[in-house]
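Student: This one is run.pdb, PDB, C-alpha atoms.
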```pdb
ATOM      1  CA  MET A   1     -75.781  97.058 -40.978
ATOM      2  CA  GLY A   2     -76.848  99.285 -38.072
ATOM      3  CA  GLY A   3     -73.325  99.360 -36.667
ATOM      4  CA  THR A   4     -72.041 100.560 -40.013
ATOM      5  CA  LEU A   5     -74.497 103.439 -40.123
ATOM      6  CA  ILE A   6     -73.809 104.478 -36.540
ATOM      7  CA  GLY A   7     -70.063 104.211 -37.094
ATOM      8  CA  MET A   8     -70.301 106.477 -40.121
ATOM      9  CA  ASP A   9     -71.476 109.387 -37.942
ATOM     10  CA  TYR A  10     -68.380 109.021 -35.801
ATOM     11  CA  LEU A  11     -66.135 108.677 -38.836
ATOM     12  CA  VAL A  12     -67.494 111.810 -40.497
ATOM     13  CA  SER A  13     -67.394 113.932 -37.347
ATOM     14  CA  GLY A  14     -64.321 112.337 -35.790
ATOM     15  CA  CYS A  15     -61.947 115.121 -36.728
ATOM     16  CA  GLN A  16     -64.265 118.082 -36.422
ATOM     17  CA  ASN A  17     -63.712 120.313 -33.455
ATOM     18  CA  PRO A  18     -66.994 122.024 -32.499
ATOM     19  CA  ALA A  19     -65.067 125.061 -31.234
ATOM     20  CA  ALA A  20     -63.436 125.391 -34.659
ATOM     21  CA  LYS A  21     -66.588 126.165 -36.636
ATOM     22  CA  ASN A  22     -65.760 129.901 -36.704
ATOM     23  CA  VAL A  23     -62.101 129.351 -37.582
ATOM     24  CA  SER A  24     -62.654 129.066 -41.329
ATOM     25  CA  VAL A  25     -62.445 132.842 -41.564
ATOM     26  CA  LEU A  26     -58.911 132.681 -40.168
ATOM     27  CA  PHE A  27     -57.449 130.983 -43.218
ATOM     28  CA  ASP A  28     -57.606 132.953 -46.426
ATOM     29  CA  LYS A  29     -55.788 132.440 -49.733
ATOM     30  CA  ASP A  30     -52.774 134.385 -48.470
ATOM     31  CA  HIS A  31     -52.400 132.098 -45.456
ATOM     32  CA  VAL A  32     -52.606 129.013 -47.655
ATOM     33  CA  LYS A  33     -50.053 130.472 -50.099
ATOM     34  CA  PHE A  34     -47.748 131.336 -47.194
ATOM     35  CA  LEU A  35     -48.056 127.813 -45.741
ATOM     36  CA  ASP A  36     -47.364 126.342 -49.200
ATOM     37  CA  GLU A  37     -44.092 128.289 -49.333
ATOM     38  CA  VAL A  38     -43.075 127.345 -45.779
ATOM     39  CA  GLY A  39     -43.900 123.696 -46.511
ATOM     40  CA  ASP A  40     -41.980 123.819 -49.770
ATOM     41  CA  THR A  41     -38.941 125.134 -47.911
ATOM     42  CA  ILE A  42     -39.201 122.179 -45.514
ATOM     43  CA  ILE A  43     -39.715 119.651 -48.344
ATOM     44  CA  PRO A  44     -38.523 121.244 -51.594
ATOM     45  CA  LYS A  45     -39.036 119.839 -55.062
ATOM     46  CA  THR A  46     -36.157 117.616 -56.148
ATOM     47  CA  LYS A  47     -36.492 114.465 -58.241
ATOM     48  CA  THR A  48     -39.799 114.128 -56.426
ATOM     49  CA  PRO A  49     -42.589 116.683 -55.974
ATOM     50  CA  GLY A  50     -42.243 119.234 -53.188
ATOM     51  CA  ALA A  51     -44.733 120.117 -50.476
ATOM     52  CA  LYS A  52     -46.240 122.913 -52.562
ATOM     53  CA  ASP A  53     -46.990 120.383 -55.316
ATOM     54  CA  VAL A  54     -49.261 118.444 -52.937
ATOM     55  CA  HIS A  55     -51.044 121.640 -51.791
ATOM     56  CA  ILE A  56     -49.686 121.408 -48.269
ATOM     57  CA  GLY A  57     -51.049 124.832 -47.307
ATOM     58  CA  ALA A  58     -54.647 123.740 -47.902
ATOM     59  CA  PHE A  59     -53.969 120.520 -45.981
ATOM     60  CA  MET A  60     -52.576 122.431 -42.985
ATOM     61  CA  ALA A  61     -55.509 124.869 -43.007
ATOM     62  CA  MET A  62     -57.979 121.980 -43.048
ATOM     63  CA  MET A  63     -56.219 120.095 -40.258
ATOM     64  CA  VAL A  64     -55.924 123.138 -37.994
ATOM     65  CA  LYS A  65     -59.532 124.133 -38.636
ATOM     66  CA  ASP A  66     -61.028 120.666 -38.206
ATOM     67  CA  CYS A  67     -58.750 118.879 -35.748
ATOM     68  CA  TYR A  68     -56.971 121.360 -33.475
ATOM     69  CA  LYS A  69     -58.351 122.633 -30.190
ATOM     70  CA  ALA A  70     -59.143 126.352 -30.040
ATOM     71  CA  ASP A  71     -55.973 127.104 -28.019
ATOM     72  CA  ASP A  72     -53.772 125.295 -30.535
ATOM     73  CA  GLN A  73     -55.537 127.050 -33.406
ATOM     74  CA  GLN A  74     -54.669 130.415 -31.869
ATOM     75  CA  ILE A  75     -51.051 129.370 -31.341
ATOM     76  CA  PHE A  76     -50.852 128.225 -34.966
ATOM     77  CA  MET A  77     -52.385 131.418 -36.361
ATOM     78  CA  LYS A  78     -50.210 133.660 -34.173
ATOM     79  CA  GLY A  79     -47.252 131.501 -35.223
ATOM     80  CA  ILE A  80     -47.812 132.254 -38.896
ATOM     81  CA  ALA A  81     -47.606 135.982 -38.168
ATOM     82  CA  LYS A  82     -44.668 135.512 -35.789
ATOM     83  CA  LEU A  83     -42.750 133.453 -38.349
ATOM     84  CA  ASN A  84     -43.119 136.200 -40.932
ATOM     85  CA  ASP A  85     -42.282 138.971 -38.421
ATOM     86  CA  GLU A  86     -39.155 137.184 -37.185
ATOM     87  CA  CYS A  87     -38.016 136.562 -40.745
ATOM     88  CA  ASN A  88     -38.517 140.250 -41.486
ATOM     89  CA  LYS A  89     -36.419 141.214 -38.441
ATOM     90  CA  GLN A  90     -33.664 138.787 -39.371
ATOM     91  CA  ASN A  91     -33.541 139.306 -43.142
ATOM     92  CA  GLY A  92     -35.072 142.740 -43.598
ATOM     93  CA  LYS A  93     -37.905 141.316 -45.718
ATOM     94  CA  ASP A  94     -40.946 139.068 -45.473
ATOM     95  CA  PHE A  95     -40.573 135.305 -45.748
ATOM     96  CA  LEU A  96     -42.097 135.239 -49.237
ATOM     97  CA  ALA A  97     -39.613 137.874 -50.461
ATOM     98  CA  CYS A  98     -36.568 135.929 -49.204
ATOM     99  CA  THR A  99     -34.386 133.756 -51.401
ATOM    100  CA  PRO A 100     -34.626 129.974 -50.987
ATOM    101  CA  ALA A 101     -31.277 129.983 -49.147
ATOM    102  CA  GLN A 102     -32.482 132.675 -46.710
ATOM    103  CA  ARG A 103     -35.722 130.780 -46.114
ATOM    104  CA  THR A 104     -33.870 127.540 -45.419
ATOM    105  CA  ALA A 105     -31.402 129.192 -43.036
ATOM    106  CA  PHE A 106     -34.230 130.944 -41.209
ATOM    107  CA  LEU A 107     -36.338 127.785 -40.831
ATOM    108  CA  ASN A 108     -33.296 125.770 -39.702
ATOM    109  CA  ALA A 109     -32.682 128.312 -36.930
ATOM    110  CA  LEU A 110     -36.371 128.260 -36.030
ATOM    111  CA  ASP A 111     -36.291 124.452 -35.909
ATOM    112  CA  LYS A 112     -33.364 124.540 -33.469
ATOM    113  CA  GLU A 113     -35.373 126.977 -31.336
ATOM    114  CA  GLN A 114     -38.408 124.685 -31.279
ATOM    115  CA  VAL A 115     -36.283 121.630 -30.438
ATOM    116  CA  ALA A 116     -34.773 123.459 -27.454
ATOM    117  CA  TYR A 117     -38.235 124.667 -26.401
ATOM    118  CA  THR A 118     -39.728 121.181 -26.692
ATOM    119  CA  LYS A 119     -36.943 119.646 -24.567
ATOM    120  CA  THR A 120     -37.608 122.056 -21.694
ATOM    121  CA  LYS A 121     -41.381 122.545 -21.920
ATOM    122  CA  THR A 122     -43.708 121.161 -19.302
ATOM    123  CA  GLU A 123     -47.036 119.454 -19.954
ATOM    124  CA  ASP A 124     -49.026 122.605 -19.248
ATOM    125  CA  GLN A 125     -47.071 124.656 -21.813
ATOM    126  CA  PRO A 126     -48.339 124.750 -25.413
ATOM    127  CA  ASN A 127     -46.495 123.261 -28.370
ATOM    128  CA  HIS A 128     -44.189 125.507 -30.361
ATOM    129  CA  TYR A 129     -45.915 126.837 -33.466
ATOM    130  CA  PHE A 130     -43.109 125.760 -35.789
ATOM    131  CA  ARG A 131     -43.299 122.212 -34.487
ATOM    132  CA  MET A 132     -46.984 122.199 -35.487
ATOM    133  CA  ILE A 133     -46.165 123.542 -38.958
ATOM    134  CA  LYS A 134     -43.376 121.043 -39.491
ATOM    135  CA  GLU A 135     -45.414 118.069 -38.244
ATOM    136  CA  LEU A 136     -48.341 118.988 -40.489
ATOM    137  CA  THR A 137     -46.000 119.398 -43.450
ATOM    138  CA  LEU A 138     -44.529 115.940 -42.936
ATOM    139  CA  LEU A 139     -47.907 114.329 -42.275
ATOM    140  CA  GLY A 140     -49.570 115.938 -45.280
ATOM    141  CA  TYR A 141     -46.702 115.261 -47.650
ATOM    142  CA  PHE A 142     -46.052 111.638 -46.796
ATOM    143  CA  THR A 143     -49.762 110.743 -46.766
ATOM    144  CA  SER A 144     -50.370 112.379 -50.155
ATOM    145  CA  GLU A 145     -50.311 110.266 -53.303
ATOM    146  CA  PRO A 146     -47.073 111.812 -54.643
ATOM    147  CA  GLY A 147     -45.442 111.517 -51.219
ATOM    148  CA  CYS A 148     -46.347 107.835 -50.897
ATOM    149  CA  THR A 149     -45.729 106.776 -54.468
ATOM    150  CA  GLN A 150     -42.808 108.967 -55.545
ATOM    151  CA  ALA A 151     -40.886 110.021 -52.433
ATOM    152  CA  LEU A 152     -41.213 106.612 -50.771
ATOM    153  CA  ARG A 153     -40.895 103.140 -52.261
ATOM    154  CA  TYR A 154     -44.349 101.881 -53.063
ATOM    155  CA  LEU A 155     -45.806  98.546 -54.103
ATOM    156  CA  PRO A 156     -49.543  98.741 -54.746
ATOM    157  CA  VAL A 157     -49.844  94.987 -54.235
ATOM    158  CA  PRO A 158     -47.034  93.815 -51.977
ATOM    159  CA  GLY A 159     -45.471  90.432 -52.550
ATOM    160  CA  LYS A 160     -44.627  87.882 -49.914
ATOM    161  CA  PHE A 161     -43.577  88.992 -46.439
ATOM    162  CA  GLU A 162     -39.846  89.451 -46.083
ATOM    163  CA  GLY A 163     -38.887  90.344 -42.535
ATOM    164  CA  SER A 164     -35.317  91.318 -43.318
ATOM    165  CA  ILE A 165     -34.695  93.322 -46.473
ATOM    166  CA  PRO A 166     -31.192  94.700 -46.950
ATOM    167  CA  TYR A 167     -31.063  98.487 -46.725
ATOM    168  CA  LYS A 168     -28.414 100.542 -48.457
ATOM    169  CA  LYS A 169     -27.716 104.105 -47.367
ATOM    170  CA  GLY A 170     -29.756 106.465 -49.524
ATOM    171  CA  ASP A 171     -32.574 103.983 -50.254
ATOM    172  CA  LYS A 172     -36.116 105.322 -49.991
ATOM    173  CA  ALA A 173     -38.238 104.186 -47.052
ATOM    174  CA  TRP A 174     -41.289 102.019 -47.744
ATOM    175  CA  ALA A 175     -44.767 103.555 -47.950
ATOM    176  CA  THR A 176     -46.474 100.180 -47.604
TER
END
```
Would you put the structure from the file into structure tokens?
Tutor:
Amino acid sequence: MGGTLIGMDYLVSGCQNPAAKNVSVLFDKDHVKFLDEVGDTIIPKTKTPGAKDVHIGAFMAMMVKDCYKADDQQIFMKGIAKLNDECNKQNGKDFLACTPAQRTAFLNALDKEQVAYTKTKTEDQPNHYFRMIKELTLLGYFTSEPGCTQALRYLPVPGKFEGSIPYKKGDKAWAT
């Protein structure tokens, strides 16, 4: 019983970064809306819900605020502004004003940039801001209820263990 109570303190505070207590002012409704749109460009709505449908912007804001170190929080926040500025330079308008095709092309180019950066970066260099955004989008989406139950194959109560299940190209991955 005592171990359970002590463990609860660690569970509740496990993802809270003490340096991040003043970061809540960094994320406002506009940031969350912007992150929803970026996330929805990464995982758009198809036959399954998109990232905006699972409120990915609020998830990213919470994760950055509660779990990222102060340096990574600054990189993330500067990255949001940089992403919008670079889109404006490239397309002559803000990210939110771009068409879905322009957004996709811009984020694909940005993803290539972050892949090249990540391949050459050293341990003392920070992560690329777009890598953080993309990772949080994927994490938030595929751990959400719609992501697990609609985008992935899901069995709430799995049957017997089958170590080798045939996979056909185009099949959904398993959530459980």
Student: For a quick check of understanding, using only C-alpha atoms, which of A:Ala175, A:Gly170, A:Asn91, A:Phe27 has the smallest distance to A:Leu155?
Tutor: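 Of A:Ala175, A:Gly170, A:Asn91, A:Phe27, the one nearest A:Leu155 is A:Ala175, counting only C-alpha atoms.
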Student: I'd like the contact shell of A:Lys93 - 12 Å cut-off, only C-alpha atoms, skipping same-chain residues fewer than 4 positions apart - returned as a ChimeraX atom specification.
Tutor: /A:83-89,97-99,102-103,106
Student: Measure the distance from atom CA of A:Glu37 to atom CA of A:Gly57 in Å and round it to one decimal.
Tutor: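 These atoms are spaced 8.0 Å apart.
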Student: Skip A:Thr137 itself and residues of its chain fewer than 2 positions away, then list as a list in words all residues within 9 Å of it, counting all atoms listed in the file.
Tutor: Leu35, Val38, Gly39, Asp40, Ile42, Ile43, Ala51, Ile56, Gly57, Phe59, Met60, Met132, Ile133, Lys134, Glu135, Leu139, Gly140, Tyr141 and Phe142 of chain A
Student: So the first atom is atom CA of A:Ala61 and the second is atom CA of A:Gly147; what is the distance between them in Å, to one decimal place?
Tutor: 18.6 Å
Student: Closest to A:Glu113 among A:Lys160, A:Lys29, A:His55, A:His128, using only C-alpha atoms?
Tutor: A:His128
Student: Which residues, written as a PyMOL selection string, have at least one atom at most 12 Å from A:Ala151, with all atoms listed in the file counted and residues fewer than 5 positions away on the same chain left out?
Tutor: chain A and resi 43-51+54+138+141-146+171-175
Student: Let me know the centre plus edge lengths, in Å and rounded to one decimal, of a box with edges along x, y and z that contains all listed atoms of stretch 96-110 of chain A and is padded by 6 Å on every side, as AutoDock Vina command-line options.
Tutor:
```
--center_x -36.7 --center_y 131.8 --center_z -43.7 --size_x 22.8 --size_y 24.1 --size_z 27.4
```
Student: Which residues come within 8 Å of A:Gly79, counting all atoms listed in the file, excluding same-chain residues fewer than 3 positions away, as a list of chain:residue names?
Tutor: A:Ile75, A:Phe76, A:Lys82, A:Leu83, A:Tyr129, A:Phe130
Student: Store the residues of this selection in a file with C-alpha atoms, as a CSV table (one decimal), in the coordinates of the input.
Tutor:
```csv
chain,number,residue,atom,x,y,z
A,75,ILE,CA,-51.1,129.4,-31.3
A,76,PHE,CA,-50.9,128.2,-35.0
A,82,LYS,CA,-44.7,135.5,-35.8
A,83,LEU,CA,-42.8,133.5,-38.3
A,129,TYR,CA,-45.9,126.8,-33.5
A,130,PHE,CA,-43.1,125.8,-35.8
```
Student: For atom CA of A:Thr104 and atom CA of A:Thr41, determine how far apart the two atoms are, in Å to one decimal place.
Tutor: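 Atom-to-atom, atom CA of A:Thr104 to atom CA of A:Thr41, that is 6.1 Å.
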Student: N, CA and C atoms for stretch 50-66 of chain A, written as an mmCIF file, in the coordinates of the input, could you do that?
Tutor:
```cif
data_model
loop_
_atom_site.group_PDB
_atom_site.id
_atom_site.type_symbol
_atom_site.label_atom_id
_atom_site.label_comp_id
_atom_site.auth_asym_id
_atom_site.auth_seq_id
_atom_site.Cartn_x
_atom_site.Cartn_y
_atom_site.Cartn_z
ATOM 1 N N GLY A 50 -42.419 118.571 -54.474
ATOM 2 C CA GLY A 50 -42.243 119.234 -53.188
ATOM 3 C C GLY A 50 -43.570 119.381 -52.475
ATOM 4 N N ALA A 51 -43.522 119.961 -51.286
ATOM 5 C CA ALA A 51 -44.733 120.117 -50.476
ATOM 6 C C ALA A 51 -45.759 121.015 -51.153
ATOM 7 N N LYS A 52 -45.304 122.024 -51.866
ATOM 8 C CA LYS A 52 -46.240 122.913 -52.562
ATOM 9 C C LYS A 52 -47.003 122.152 -53.647
ATOM 10 N N ASP A 53 -46.357 121.175 -54.261
ATOM 11 C CA ASP A 53 -46.990 120.383 -55.316
ATOM 12 C C ASP A 53 -48.155 119.543 -54.799
ATOM 13 N N VAL A 54 -48.152 119.233 -53.513
ATOM 14 C CA VAL A 54 -49.261 118.444 -52.937
ATOM 15 C C VAL A 54 -50.252 119.337 -52.199
ATOM 16 N N HIS A 55 -50.138 120.653 -52.397
ATOM 17 C CA HIS A 55 -51.044 121.640 -51.791
ATOM 18 C C HIS A 55 -51.042 121.533 -50.261
ATOM 19 N N ILE A 56 -49.855 121.587 -49.713
ATOM 20 C CA ILE A 56 -49.686 121.408 -48.269
ATOM 21 C C ILE A 56 -50.347 122.524 -47.470
ATOM 22 N N GLY A 57 -50.413 123.721 -48.008
ATOM 23 C CA GLY A 57 -51.049 124.832 -47.307
ATOM 24 C C GLY A 57 -52.519 124.568 -47.051
ATOM 25 N N ALA A 58 -53.222 124.070 -48.058
ATOM 26 C CA ALA A 58 -54.647 123.740 -47.902
ATOM 27 C C ALA A 58 -54.823 122.595 -46.903
ATOM 28 N N PHE A 59 -53.911 121.633 -46.933
ATOM 29 C CA PHE A 59 -53.969 120.520 -45.981
ATOM 30 C C PHE A 59 -53.797 121.033 -44.551
ATOM 31 N N MET A 60 -52.805 121.902 -44.332
ATOM 32 C CA MET A 60 -52.576 122.431 -42.985
ATOM 33 C C MET A 60 -53.776 123.236 -42.507
ATOM 34 N N ALA A 61 -54.342 124.065 -43.380
ATOM 35 C CA ALA A 61 -55.509 124.869 -43.007
ATOM 36 C C ALA A 61 -56.667 123.964 -42.601
ATOM 37 N N MET A 62 -56.896 122.908 -43.355
ATOM 38 C CA MET A 62 -57.979 121.980 -43.048
ATOM 39 C C MET A 62 -57.732 121.274 -41.717
ATOM 40 N N MET A 63 -56.524 120.817 -41.498
ATOM 41 C CA MET A 63 -56.219 120.095 -40.258
ATOM 42 C C MET A 63 -56.347 121.001 -39.036
ATOM 43 N N VAL A 64 -55.832 122.209 -39.124
ATOM 44 C CA VAL A 64 -55.924 123.138 -37.994
ATOM 45 C C VAL A 64 -57.385 123.481 -37.723
ATOM 46 N N LYS A 65 -58.124 123.759 -38.781
ATOM 47 C CA LYS A 65 -59.532 124.133 -38.636
ATOM 48 C C LYS A 65 -60.363 122.993 -38.064
ATOM 49 N N ASP A 66 -60.161 121.782 -38.569
ATOM 50 C CA ASP A 66 -61.028 120.666 -38.206
ATOM 51 C C ASP A 66 -60.553 119.840 -37.016
#
```
